[in-house]
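Printed here is coords-v7.txt (compact mmCIF, C-alpha atoms):
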```
# COMPACT_ATOMS: atom_id res chain seq x y z
CA MET A 1 -7.93 -11.72 -21.63
CA ILE A 2 -5.21 -11.28 -18.99
CA LEU A 3 -5.10 -13.73 -16.09
CA ILE A 4 -3.88 -12.11 -12.87
CA ILE A 5 -2.60 -14.64 -10.36
CA ASN A 6 -2.92 -13.75 -6.70
CA ILE A 7 -0.29 -15.36 -4.43
CA CYS A 8 -1.20 -13.53 -1.20
CA LYS A 9 -1.82 -15.64 1.89
CA GLU A 10 -3.64 -12.81 3.68
CA LYS A 11 -6.81 -11.43 2.10
CA LEU A 12 -5.99 -7.88 3.26
CA HIS A 13 -2.76 -7.98 1.23
CA GLU A 14 -4.74 -8.44 -1.98
CA LEU A 15 -5.71 -4.75 -1.79
CA GLU A 16 -2.02 -3.87 -1.74
CA PHE A 17 -0.51 -6.29 -4.25
CA VAL A 18 -3.31 -7.38 -6.60
CA LYS A 19 -5.85 -4.54 -6.80
CA PRO A 20 -3.33 -1.90 -8.01
CA ILE A 21 -2.51 -4.14 -10.99
CA GLU A 22 -6.19 -4.82 -11.69
CA ASP A 23 -6.78 -1.04 -11.58
CA ILE A 24 -4.01 -0.32 -14.10
CA LEU A 25 -5.55 -2.78 -16.56
CA THR A 26 -9.15 -1.74 -15.93
CA ASN A 27 -8.30 1.95 -16.35
CA ASN A 28 -6.85 1.08 -19.74
CA GLN A 29 -9.85 -0.99 -20.84
CA ILE A 30 -7.86 -4.22 -20.75
CA LYS A 31 -9.95 -7.30 -19.94
CA LEU A 32 -8.80 -9.42 -17.03
CA PHE A 33 -9.77 -12.10 -14.60
CA THR A 34 -8.10 -12.85 -11.27
CA LYS A 35 -7.53 -16.23 -9.64
CA LYS A 36 -5.80 -17.43 -6.48
CA TYR A 37 -2.74 -19.54 -7.37
CA SER A 38 -4.18 -22.59 -5.64
CA GLN A 39 -7.33 -22.46 -7.77
CA ILE A 40 -5.91 -22.24 -11.30
CA THR A 41 -7.60 -24.68 -13.70
CA PRO A 42 -6.55 -25.85 -17.20
CA ASN A 43 -9.53 -23.86 -18.47
CA ASP A 44 -8.09 -20.64 -16.93
CA LEU A 45 -4.77 -21.24 -18.68
CA GLU A 46 -6.56 -21.87 -21.96
CA LYS A 47 -8.66 -18.70 -21.59
CA ALA A 48 -5.68 -16.46 -20.72
CA SER A 49 -3.82 -14.70 -23.52
CA LYS A 50 -1.12 -13.57 -21.05
CA ILE A 51 -0.51 -13.98 -17.33
CA ILE A 52 0.69 -11.62 -14.59
CA ILE A 53 1.80 -13.24 -11.32
CA CYS A 54 1.60 -10.56 -8.60
CA GLY A 55 3.84 -10.15 -5.57
CA THR A 56 3.01 -10.30 -1.89
CA SER A 57 4.31 -9.05 1.46
CA LEU A 58 7.86 -9.41 2.79
CA LYS A 59 6.86 -11.99 5.37
CA ASP A 60 4.52 -13.99 3.15
CA ASN A 61 6.37 -17.01 1.76
CA GLU A 62 3.50 -19.51 1.73
CA PHE A 63 3.55 -19.71 -2.07
CA LEU A 64 7.18 -20.89 -1.98
CA ASN A 65 6.07 -23.94 -0.03
CA ASN A 66 3.50 -24.68 -2.74
CA LEU A 67 5.59 -24.56 -5.89
CA ALA A 68 3.92 -27.77 -7.09
CA LYS A 69 0.89 -25.57 -7.84
CA PHE A 70 2.97 -23.78 -10.47
CA GLN A 71 4.31 -26.76 -12.38
CA TRP A 72 1.95 -25.86 -15.26
CA ILE A 73 4.39 -23.04 -16.09
CA LYS A 74 6.80 -25.55 -17.66
CA ASN A 75 4.21 -26.51 -20.28
CA PHE A 76 2.92 -22.97 -20.81
CA ASN A 77 4.09 -21.01 -23.82
CA LYS A 78 2.11 -17.77 -23.70
CA PRO A 79 3.68 -14.63 -22.10
CA ILE A 80 4.04 -14.41 -18.32
CA LEU A 81 5.15 -11.40 -16.27
CA GLY A 82 6.26 -12.31 -12.75
CA ILE A 83 6.40 -9.42 -10.31
CA CYS A 84 8.60 -9.83 -7.21
CA GLY A 85 7.19 -13.06 -5.68
CA GLY A 86 5.97 -13.85 -9.21
CA MET A 87 9.55 -13.58 -10.44
CA HIS A 88 10.69 -15.85 -7.59
CA ILE A 89 8.16 -18.44 -8.80
CA LEU A 90 9.27 -18.30 -12.44
CA HIS A 91 12.91 -18.74 -11.46
CA ALA A 92 12.22 -21.35 -8.77
CA ILE A 93 10.24 -23.49 -11.22
CA TYR A 94 13.31 -23.51 -13.45
CA ASN A 95 15.57 -24.83 -10.67
CA GLY A 96 16.41 -21.39 -9.30
CA LYS A 97 18.65 -21.33 -6.24
CA LYS A 98 17.33 -19.26 -3.34
CA GLU A 99 19.59 -16.43 -2.21
CA LYS A 100 19.10 -13.84 0.52
CA ASN A 101 18.73 -10.42 -1.10
CA LYS A 102 16.75 -7.87 0.89
CA GLU A 103 15.80 -4.52 -0.66
CA ILE A 104 13.12 -2.17 0.69
CA GLY A 105 12.30 1.18 -0.89
CA LEU A 106 13.31 3.15 -3.95
CA ILE A 107 16.49 2.51 -5.85
CA ARG A 108 17.75 4.01 -9.10
CA ILE A 109 18.47 1.72 -12.04
CA ASN A 110 19.91 2.51 -15.43
CA PHE A 111 18.07 0.23 -17.87
CA LYS A 112 20.68 -0.11 -20.58
CA LYS A 113 18.65 -2.59 -22.63
CA ASN A 114 15.04 -2.05 -23.60
CA PHE A 115 12.87 -4.04 -21.20
CA LEU A 116 9.17 -4.07 -22.15
CA SER A 117 9.80 -0.60 -23.62
CA LEU A 118 11.44 0.67 -20.43
CA ILE A 119 14.86 2.20 -20.98
CA GLY A 120 17.12 4.75 -19.27
CA ASN A 121 17.56 5.94 -15.72
CA LYS A 122 14.53 5.04 -13.57
CA GLU A 123 13.56 4.79 -9.93
CA VAL A 124 12.07 1.43 -8.96
CA TYR A 125 10.29 0.35 -5.78
CA ASN A 126 11.60 -2.80 -4.14
CA LEU A 127 10.08 -4.93 -1.39
CA HIS A 128 11.69 -8.34 -1.30
CA GLN A 129 14.07 -10.46 0.72
CA TYR A 130 15.09 -13.18 -1.71
CA TYR A 131 16.32 -13.72 -5.21
CA TYR A 132 16.18 -17.02 -7.11
CA ASP A 133 19.09 -17.57 -9.42
CA SER A 134 18.04 -19.68 -12.43
CA LYS A 135 20.32 -20.55 -15.32
CA GLU A 136 17.28 -20.69 -17.63
CA PHE A 137 16.87 -16.90 -17.29
CA GLU A 138 19.03 -14.02 -18.41
CA THR A 139 19.14 -11.35 -15.73
CA PHE A 140 19.94 -7.69 -16.16
CA GLU A 141 20.59 -4.54 -14.15
CA ASN A 142 21.81 -6.15 -10.95
CA GLN A 143 19.12 -8.88 -11.00
CA GLN A 144 16.29 -6.34 -11.13
CA ILE A 145 14.82 -7.78 -14.34
CA SER A 146 14.97 -11.09 -16.16
CA LYS A 147 13.89 -12.84 -19.35
CA HIS A 148 13.63 -16.57 -19.97
CA LYS A 149 16.18 -17.68 -22.57
CA THR A 150 13.60 -19.22 -24.91
CA LYS A 151 10.09 -18.52 -23.62
CA PRO A 152 8.22 -15.16 -23.36
CA PHE A 153 8.58 -15.08 -19.57
CA TYR A 154 9.62 -11.81 -17.93
CA GLY A 155 10.47 -11.01 -14.33
CA THR A 156 10.81 -7.82 -12.32
CA ILE A 157 12.06 -8.05 -8.75
CA PHE A 158 10.67 -4.53 -8.19
CA HIS A 159 7.01 -3.49 -8.19
CA PRO A 160 6.04 -1.77 -11.47
CA GLU A 161 2.52 -1.17 -10.14
CA VAL A 162 4.11 1.43 -7.82
CA ARG A 163 6.68 3.02 -10.13
CA ASN A 164 6.94 2.42 -13.90
CA LYS A 165 3.37 1.26 -14.52
CA GLU A 166 4.10 1.33 -18.24
CA ILE A 167 5.92 -2.01 -17.89
CA ILE A 168 2.60 -3.67 -17.06
CA LEU A 169 0.79 -1.93 -19.91
CA ASN A 170 3.54 -2.68 -22.42
CA PHE A 171 3.54 -6.33 -21.37
CA THR A 172 -0.21 -6.60 -21.93
CA LYS A 173 -0.19 -4.72 -25.23
CA ASN A 174 2.94 -6.11 -26.96
CA MET B 1 -4.74 -12.12 13.13
CA LYS B 2 -4.28 -9.44 15.79
CA LEU B 3 -3.31 -6.09 14.34
CA GLY B 4 -2.22 -2.67 15.57
CA ILE B 5 -3.17 0.41 13.59
CA LEU B 6 -0.75 3.26 12.95
CA PHE B 7 -3.49 5.75 13.62
CA SER B 8 -3.59 9.49 12.95
CA GLY B 9 -7.36 9.94 13.25
CA GLY B 10 -7.58 11.12 9.64
CA LYS B 11 -9.52 9.54 6.79
CA ASP B 12 -6.80 7.17 5.53
CA SER B 13 -5.77 5.37 8.71
CA THR B 14 -9.40 5.19 9.87
CA TYR B 15 -10.63 3.79 6.55
CA ALA B 16 -7.75 1.28 6.49
CA THR B 17 -8.90 0.15 9.96
CA TYR B 18 -12.46 -0.21 8.69
CA LEU B 19 -11.37 -2.36 5.72
CA ALA B 20 -9.36 -4.66 8.00
CA LYS B 21 -12.26 -5.06 10.41
CA GLU B 22 -14.65 -5.75 7.52
CA GLN B 23 -12.37 -8.60 6.45
CA GLY B 24 -12.46 -10.13 9.92
CA TYR B 25 -9.11 -9.03 11.35
CA THR B 26 -8.90 -8.19 15.06
CA ILE B 27 -8.03 -4.59 15.84
CA SER B 28 -6.06 -5.01 19.06
CA CYS B 29 -4.81 -1.46 19.53
CA LEU B 30 -4.21 1.90 17.94
CA ILE B 31 -0.71 3.40 17.84
CA SER B 32 -0.51 7.20 17.59
CA ILE B 33 2.62 9.32 17.41
CA GLU B 34 2.60 12.95 18.48
CA SER B 35 5.46 14.81 16.83
CA LYS B 36 6.82 18.14 18.05
CA ASN B 37 8.18 18.76 14.56
CA GLN B 38 5.63 20.42 12.26
CA ASP B 39 7.82 19.62 9.25
CA SER B 40 8.15 15.90 9.91
CA TYR B 41 7.49 13.82 6.79
CA MET B 42 6.52 10.84 8.94
CA PHE B 43 4.11 12.34 11.47
CA HIS B 44 2.68 15.77 10.91
CA THR B 45 -0.91 15.36 12.02
CA PRO B 46 -2.70 18.28 13.64
CA LYS B 47 -5.20 17.31 16.38
CA ILE B 48 -3.35 14.04 16.95
CA GLU B 49 -4.44 14.11 20.61
CA LEU B 50 -8.01 13.50 19.41
CA THR B 51 -6.99 9.93 18.58
CA LYS B 52 -7.43 9.22 22.31
CA GLU B 53 -11.10 10.24 22.01
CA GLN B 54 -11.50 8.23 18.80
CA ALA B 55 -9.97 5.17 20.50
CA LYS B 56 -12.63 5.41 23.23
CA LEU B 57 -15.37 5.61 20.59
CA MET B 58 -13.94 2.49 18.94
CA ASN B 59 -13.49 0.76 22.29
CA VAL B 60 -9.90 -0.07 21.35
CA PRO B 61 -6.84 0.63 23.55
CA ILE B 62 -4.31 3.16 22.32
CA ILE B 63 -0.53 3.45 22.62
CA TYR B 64 0.28 7.16 22.51
CA GLN B 65 3.95 7.94 21.88
CA LYS B 66 5.49 11.41 21.82
CA THR B 67 8.52 12.19 19.65
CA LYS B 68 10.70 15.23 19.02
CA GLY B 69 10.18 14.42 15.34
CA GLU B 70 13.85 14.56 14.44
CA LYS B 71 14.78 12.44 11.44
CA GLU B 72 15.63 8.83 12.38
CA ILE B 73 14.90 9.50 16.11
CA GLU B 74 11.20 9.60 15.25
CA LEU B 75 11.60 6.18 13.64
CA LYS B 76 13.15 4.85 16.84
CA ASP B 77 10.15 6.25 18.75
CA LEU B 78 7.76 4.59 16.30
CA LYS B 79 9.62 1.29 16.67
CA LYS B 80 9.40 1.63 20.45
CA ALA B 81 5.62 2.13 20.24
CA ILE B 82 5.17 -0.89 17.94
CA LYS B 83 7.34 -3.02 20.25
CA LYS B 84 5.09 -2.01 23.13
CA ALA B 85 2.03 -3.06 21.09
CA ILE B 86 3.63 -6.45 20.37
CA LYS B 87 4.38 -6.96 24.05
CA GLU B 88 1.11 -5.69 25.51
CA TYR B 89 -1.43 -6.67 22.85
CA LYS B 90 0.39 -9.51 21.06
CA ILE B 91 -0.09 -7.91 17.66
CA GLU B 92 1.19 -9.88 14.66
CA GLY B 93 1.11 -6.99 12.23
CA VAL B 94 0.40 -3.31 11.71
CA ILE B 95 -1.91 -1.51 9.32
CA THR B 96 -1.07 1.85 7.80
CA GLY B 97 -3.15 4.30 5.78
CA ALA B 98 -0.35 4.81 3.26
CA VAL B 99 -1.61 5.53 -0.25
CA GLU B 100 1.29 7.00 -2.21
CA SER B 101 4.07 7.92 0.19
CA ILE B 102 6.99 5.58 -0.42
CA TYR B 103 8.99 7.60 2.12
CA GLN B 104 6.60 6.63 4.92
CA ALA B 105 5.68 3.17 3.67
CA SER B 106 9.24 1.91 3.17
CA ARG B 107 10.35 3.11 6.60
CA ILE B 108 7.43 1.34 8.26
CA GLN B 109 8.15 -1.79 6.19
CA LYS B 110 11.73 -1.78 7.50
CA ILE B 111 10.60 -1.46 11.12
CA CYS B 112 8.08 -4.30 10.71
CA ASP B 113 10.73 -6.44 9.06
CA LYS B 114 13.12 -5.88 12.00
CA LEU B 115 10.35 -6.72 14.47
CA ASN B 116 9.29 -9.74 12.39
CA ILE B 117 5.65 -8.71 12.01
CA GLU B 118 3.37 -8.22 8.99
CA CYS B 119 2.76 -4.82 7.44
CA PHE B 120 -0.56 -4.10 5.70
CA ASN B 121 -1.26 -1.10 3.46
CA PRO B 122 -4.82 -1.70 2.23
CA LEU B 123 -5.09 1.71 0.51
CA TRP B 124 -1.78 1.36 -1.33
CA GLN B 125 -1.90 2.97 -4.81
CA LYS B 126 -5.65 3.45 -4.52
CA ASP B 127 -7.25 5.97 -6.84
CA GLN B 128 -7.75 9.16 -4.81
CA VAL B 129 -11.23 9.98 -6.05
CA GLU B 130 -12.36 6.37 -5.60
CA LEU B 131 -11.10 6.60 -2.00
CA LEU B 132 -13.06 9.81 -1.31
CA ASN B 133 -16.24 8.35 -2.80
CA GLU B 134 -15.90 5.14 -0.78
CA LEU B 135 -15.63 7.16 2.42
CA ILE B 136 -19.00 8.74 1.71
CA GLU B 137 -20.60 5.46 0.60
CA ASN B 138 -19.45 3.87 3.85
CA LYS B 139 -20.86 6.68 5.98
CA PHE B 140 -17.59 8.26 7.06
CA GLU B 141 -18.00 11.82 8.35
CA VAL B 142 -14.74 13.55 7.59
CA ILE B 143 -13.79 17.20 8.08
CA ILE B 144 -10.82 19.18 6.83
CA THR B 145 -8.66 20.36 9.72
CA LYS B 146 -5.69 22.04 8.06
CA ILE B 147 -4.89 23.58 4.69
CA ALA B 148 -1.40 23.78 3.22
CA THR B 149 -1.66 24.47 -0.49
CA GLU B 150 -2.44 27.08 -3.09
CA GLY B 151 -6.04 26.94 -4.24
CA LEU B 152 -7.44 26.04 -0.84
CA ASN B 153 -7.91 28.72 1.80
CA ASN B 154 -8.93 28.63 5.45
CA SER B 155 -12.62 28.70 4.53
CA TYR B 156 -12.21 24.98 3.79
CA VAL B 157 -11.19 24.24 7.38
CA GLY B 158 -14.13 22.58 9.10
CA LYS B 159 -15.82 21.65 5.80
CA LYS B 160 -17.32 18.18 5.76
CA LEU B 161 -16.43 15.82 2.93
CA ASP B 162 -19.44 15.31 0.67
CA LYS B 163 -20.14 14.86 -3.05
CA ASN B 164 -19.97 18.63 -3.65
CA LEU B 165 -16.62 18.98 -1.90
CA ILE B 166 -15.25 16.05 -3.93
CA LYS B 167 -16.33 17.87 -7.11
CA GLU B 168 -14.57 21.03 -5.90
CA LEU B 169 -11.40 19.09 -5.10
CA ILE B 170 -11.41 17.49 -8.56
CA THR B 171 -11.74 20.96 -10.12
CA LEU B 172 -8.86 22.21 -7.96
CA LYS B 173 -6.81 19.20 -9.01
CA GLU B 174 -7.20 20.19 -12.66
CA LYS B 175 -6.44 23.86 -11.94
CA TYR B 176 -3.63 23.63 -9.36
CA GLN B 177 -2.44 20.02 -9.81
CA ILE B 178 -3.28 19.25 -6.18
CA ASN B 179 -3.93 15.73 -5.02
CA PRO B 180 -7.72 15.64 -4.45
CA ALA B 181 -7.34 13.39 -1.41
CA GLY B 182 -4.63 15.56 0.15
CA GLU B 183 -2.04 12.80 -0.14
CA GLY B 184 0.67 15.34 -0.86
CA GLY B 185 -0.06 17.13 2.42
CA GLU B 186 -2.37 19.66 0.70
CA PHE B 187 -4.83 19.27 3.56
CA GLU B 188 -5.33 17.19 6.68
CA THR B 189 -8.53 15.50 7.79
CA LEU B 190 -10.25 14.24 10.91
CA VAL B 191 -12.87 11.49 11.08
CA ILE B 192 -15.64 12.67 13.39
CA ASN B 193 -17.90 9.66 12.86
CA CYS B 194 -17.82 6.33 11.01
CA PRO B 195 -19.18 2.78 11.39
CA LEU B 196 -16.26 1.97 13.76
CA PHE B 197 -17.38 4.61 16.30
CA LYS B 198 -20.17 3.99 18.81
CA SER B 199 -21.09 7.68 18.51
CA SER B 200 -19.87 10.87 16.93
CA LEU B 201 -16.81 12.69 18.24
CA LYS B 202 -18.03 15.48 20.54
CA GLU B 203 -18.25 18.67 18.56
CA GLU B 204 -16.65 20.80 21.26
CA SER B 205 -13.54 18.58 21.32
CA TYR B 206 -12.57 19.32 17.73
CA LYS B 207 -14.25 22.70 17.22
CA GLU B 208 -12.19 24.32 19.98
CA LYS B 209 -8.96 22.91 18.58
CA GLN B 210 -10.01 23.95 15.11
CA ARG B 211 -10.61 27.52 16.32
CA LEU B 212 -7.17 27.60 17.92
CA SER B 213 -5.51 26.32 14.75
CA LEU B 214 -6.97 29.17 12.71
CA LYS B 215 -5.52 31.84 15.02
```

Please lay out the structure from this file as structure tokens.
Amino acid sequence: MILIINICKEKLHELEFVKPIEDILTNNQIKLFTKKYSQITPNDLEKASKIIICGTSLKDNEFLNNLAKFQWIKNFNKPILGICGGMHILHAIYNGKKEKNKEIGLIRINFKKNFLSLIGNKEVYNLHQYYYDSKEFETFENQQISKHKTKPFYGTIFHPEVRNKEIILNFTKN
Amino acid sequence: MKLGILFSGGKDSTYATYLAKEQGYTISCLISIESKNQDSYMFHTPKIELTKEQAKLMNVPIIYQKTKGEKEIELKDLKKAIKKAIKEYKIEGVITGAVESIYQASRIQKICDKLNIECFNPLWQKDQVELLNELIENKFEVIITKIATEGLNNSYVGKKLDKNLIKELITLKEKYQINPAGEGGEFETLVINCPLFKSSLKEESYKEKQRLSLK
């Protein structure tokens, strides 16, 4: 069972940043349940086999003021995929330093190393204004993707629910 | 939160408006752009002037901006219209009907970012057939106003979206690889009635323009 974590402040943004990910899983018969980040319980973490932390809008930074709600990540050992804001959270929890890094729209990336089965020249969709630099993570391809040095935690600064949906499926299946 | 709608009068921007209103957001104004350029990737809506009629039916003010539709200049005109909406109606964000077009969505995101307002795309990445079915379930009356693809001919212009038409569009998708919701510009639509309108759009207002477009 995949736990999808919603970090959107505005309800209307859930249709844009959470529902597309739910749809990808549902269309592939993958079981899921979705919770708002402020309502995660120990039972949810126990029930989840893997976790996807979704992104949110450019202007929405409420979750960054509530990082205490994500401290459970440090004691969690099952796989997590952090998308955009979700990647910020993973890095910030591991003492990531906030840097300004705005990218909006499509950019082309050459994935030299296999990342959740994605490799080669791909277009990715970006919508972010920060990057969190954490020494606990290895980052690749101009900070577009990351992997925790010891735990199964993955980050994409881009939105794979828009382009490269296979990343989400490969994360859930592997 | 007070929002402005980037409104073309077609099914997507109207349904996006409906979803926002259903969730309790305040629709403070509509923003419509009339482009002189038929080939504009940003604004290429036929019958755009009917948005003024639709705004009256929704009892919402409208900012109507004309543009030559030249690349980048049309974005300046859009920015100008949004700035006007911020000043006059104190909007804190805009809603778009973007579903798949990264070209349109990313340009609007950049404008909103510069103006420091929110950008909402409630139909983003939505399944096209699911979208068509929801329109019918929510009592949207939608007609096709323009055809621009192989597999659809002018006999479709004026057709109302219903379960049978959705089936036809799915068949055409399989045969000609068209997007069944017209997201690739295969066809354009007009909402003639929906729960946001106090009454239906007057038939003569769109029928006359439809007749002219077929000439």

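Distance annotation: of B:Val191, B:Ile111, B:Leu169, B:Ala55, the residue with the minimal separation from Ser28 of chain B is B:Ala55; atom set is all atoms listed in the file.
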
Per residue of segment 42-86 of chain A within 12 Å of segment 112-124 of chain A, what are the shortest atom pair and its distance in Å to one decimal, counting only C-alpha atoms, with rows by chain and residue number, as a Markdown table?
```
| residue | atom | partner | partner_atom | distance |
| --- | --- | --- | --- | --- |
| A:Pro79 | CA | A:Leu116 | CA | 11.9 |
| A:Leu81 | CA | A:Leu116 | CA | 10.2 |
| A:Cys84 | CA | A:Val124 | CA | 11.9 |
```

Selection file, C-alpha atoms, as a compact mmCIF listing (two decimals), in the frame of the given file:
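Once written, result_21.txt looks like this:
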```txt
# COMPACT_ATOMS: atom_id res chain seq x y z
CA PRO A 79 3.68 -14.63 -22.10
CA LEU A 81 5.15 -11.40 -16.27
CA CYS A 84 8.60 -9.83 -7.21
```

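Of the listed residues B:Lys21, B:Lys47, B:Lys76, B:Lys68, the one whose atoms come nearest to Pro122 of chain B is B:Lys21, with distances taken using only C-alpha atoms.
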
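Pairwise distance (atom CA of Glu22 of chain A, atom CA of Thr34 of chain A) equals 8.3 Å.
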
Distance filter 12 Å, all atoms listed in the file, chain A against chain B, as a short mmCIF file (atom, residue, chain, number, x, y, z; two decimals) with C-alpha atoms, in the coordinates of the input:
```
data_model
loop_
_atom_site.label_atom_id
_atom_site.label_comp_id
_atom_site.auth_asym_id
_atom_site.auth_seq_id
_atom_site.Cartn_x
_atom_site.Cartn_y
_atom_site.Cartn_z
CA CYS A 8 -1.20 -13.53 -1.20
CA LYS A 9 -1.82 -15.64 1.89
CA GLU A 10 -3.64 -12.81 3.68
CA LYS A 11 -6.81 -11.43 2.10
CA LEU A 12 -5.99 -7.88 3.26
CA HIS A 13 -2.76 -7.98 1.23
CA GLU A 14 -4.74 -8.44 -1.98
CA LEU A 15 -5.71 -4.75 -1.79
CA GLU A 16 -2.02 -3.87 -1.74
CA PHE A 17 -0.51 -6.29 -4.25
CA VAL A 18 -3.31 -7.38 -6.60
CA LYS A 19 -5.85 -4.54 -6.80
CA PRO A 20 -3.33 -1.90 -8.01
CA ILE A 21 -2.51 -4.14 -10.99
CA GLU A 22 -6.19 -4.82 -11.69
CA ASP A 23 -6.78 -1.04 -11.58
CA ILE A 24 -4.01 -0.32 -14.10
CA ASN A 27 -8.30 1.95 -16.35
CA THR A 56 3.01 -10.30 -1.89
CA SER A 57 4.31 -9.05 1.46
CA LEU A 58 7.86 -9.41 2.79
CA LYS A 59 6.86 -11.99 5.37
CA ASP A 60 4.52 -13.99 3.15
CA ASN A 61 6.37 -17.01 1.76
CA LYS A 102 16.75 -7.87 0.89
CA GLU A 103 15.80 -4.52 -0.66
CA ILE A 104 13.12 -2.17 0.69
CA GLY A 105 12.30 1.18 -0.89
CA LEU A 106 13.31 3.15 -3.95
CA ILE A 107 16.49 2.51 -5.85
CA GLU A 123 13.56 4.79 -9.93
CA VAL A 124 12.07 1.43 -8.96
CA TYR A 125 10.29 0.35 -5.78
CA ASN A 126 11.60 -2.80 -4.14
CA LEU A 127 10.08 -4.93 -1.39
CA HIS A 128 11.69 -8.34 -1.30
CA GLN A 129 14.07 -10.46 0.72
CA HIS A 159 7.01 -3.49 -8.19
CA PRO A 160 6.04 -1.77 -11.47
CA GLU A 161 2.52 -1.17 -10.14
CA VAL A 162 4.11 1.43 -7.82
CA ARG A 163 6.68 3.02 -10.13
CA LYS A 165 3.37 1.26 -14.52
#
```

Quick one: everything within 9 Å of Tyr154 of chain A, counting only C-alpha atoms, minus sequence neighbours fewer than 3 positions away in the same chain. Send it as a VMD selection string.
chain A and resid 79 to 83 87 90 116 137 145 to 148 151 171

Preceding selection exported with C-alpha atoms as a PDB file, keeping the file's coordinate frame:
```
ATOM      1  CA  PRO A  79       3.680 -14.630 -22.100  1.00  0.00           C
ATOM      2  CA  ILE A  80       4.040 -14.410 -18.320  1.00  0.00           C
ATOM      3  CA  LEU A  81       5.150 -11.400 -16.270  1.00  0.00           C
ATOM      4  CA  GLY A  82       6.260 -12.310 -12.750  1.00  0.00           C
ATOM      5  CA  ILE A  83       6.400  -9.420 -10.310  1.00  0.00           C
ATOM      6  CA  MET A  87       9.550 -13.580 -10.440  1.00  0.00           C
ATOM      7  CA  LEU A  90       9.270 -18.300 -12.440  1.00  0.00           C
ATOM      8  CA  LEU A 116       9.170  -4.070 -22.150  1.00  0.00           C
ATOM      9  CA  PHE A 137      16.870 -16.900 -17.290  1.00  0.00           C
ATOM     10  CA  ILE A 145      14.820  -7.780 -14.340  1.00  0.00           C
ATOM     11  CA  SER A 146      14.970 -11.090 -16.160  1.00  0.00           C
ATOM     12  CA  LYS A 147      13.890 -12.840 -19.350  1.00  0.00           C
ATOM     13  CA  HIS A 148      13.630 -16.570 -19.970  1.00  0.00           C
ATOM     14  CA  LYS A 151      10.090 -18.520 -23.620  1.00  0.00           C
ATOM     15  CA  PHE A 171       3.540  -6.330 -21.370  1.00  0.00           C
TER      16      PHE A 171
END
```

For Gly69 of chain B, please output as number ranges by chain all residues within 7 Å (counting all atoms listed in the file; exclusion window: fewer than 3 positions along the same chain).
B: 35-37, 40, 73-74

Ranking B:Lys90, B:Lys198, B:Lys84, B:Lys207 by minimum distance to Lys159 of chain B and counting only C-alpha atoms, which one comes first?
B:Lys207

Would you list the contacts of Lys2 of chain B as a PyMOL selection string, taking every protein, DNA or RNA residue within 10 Å and counting only C-alpha atoms, but skipping same-chain residues closer than 2 positions in sequence?
chain B and resi 4+25-29+86+89-94
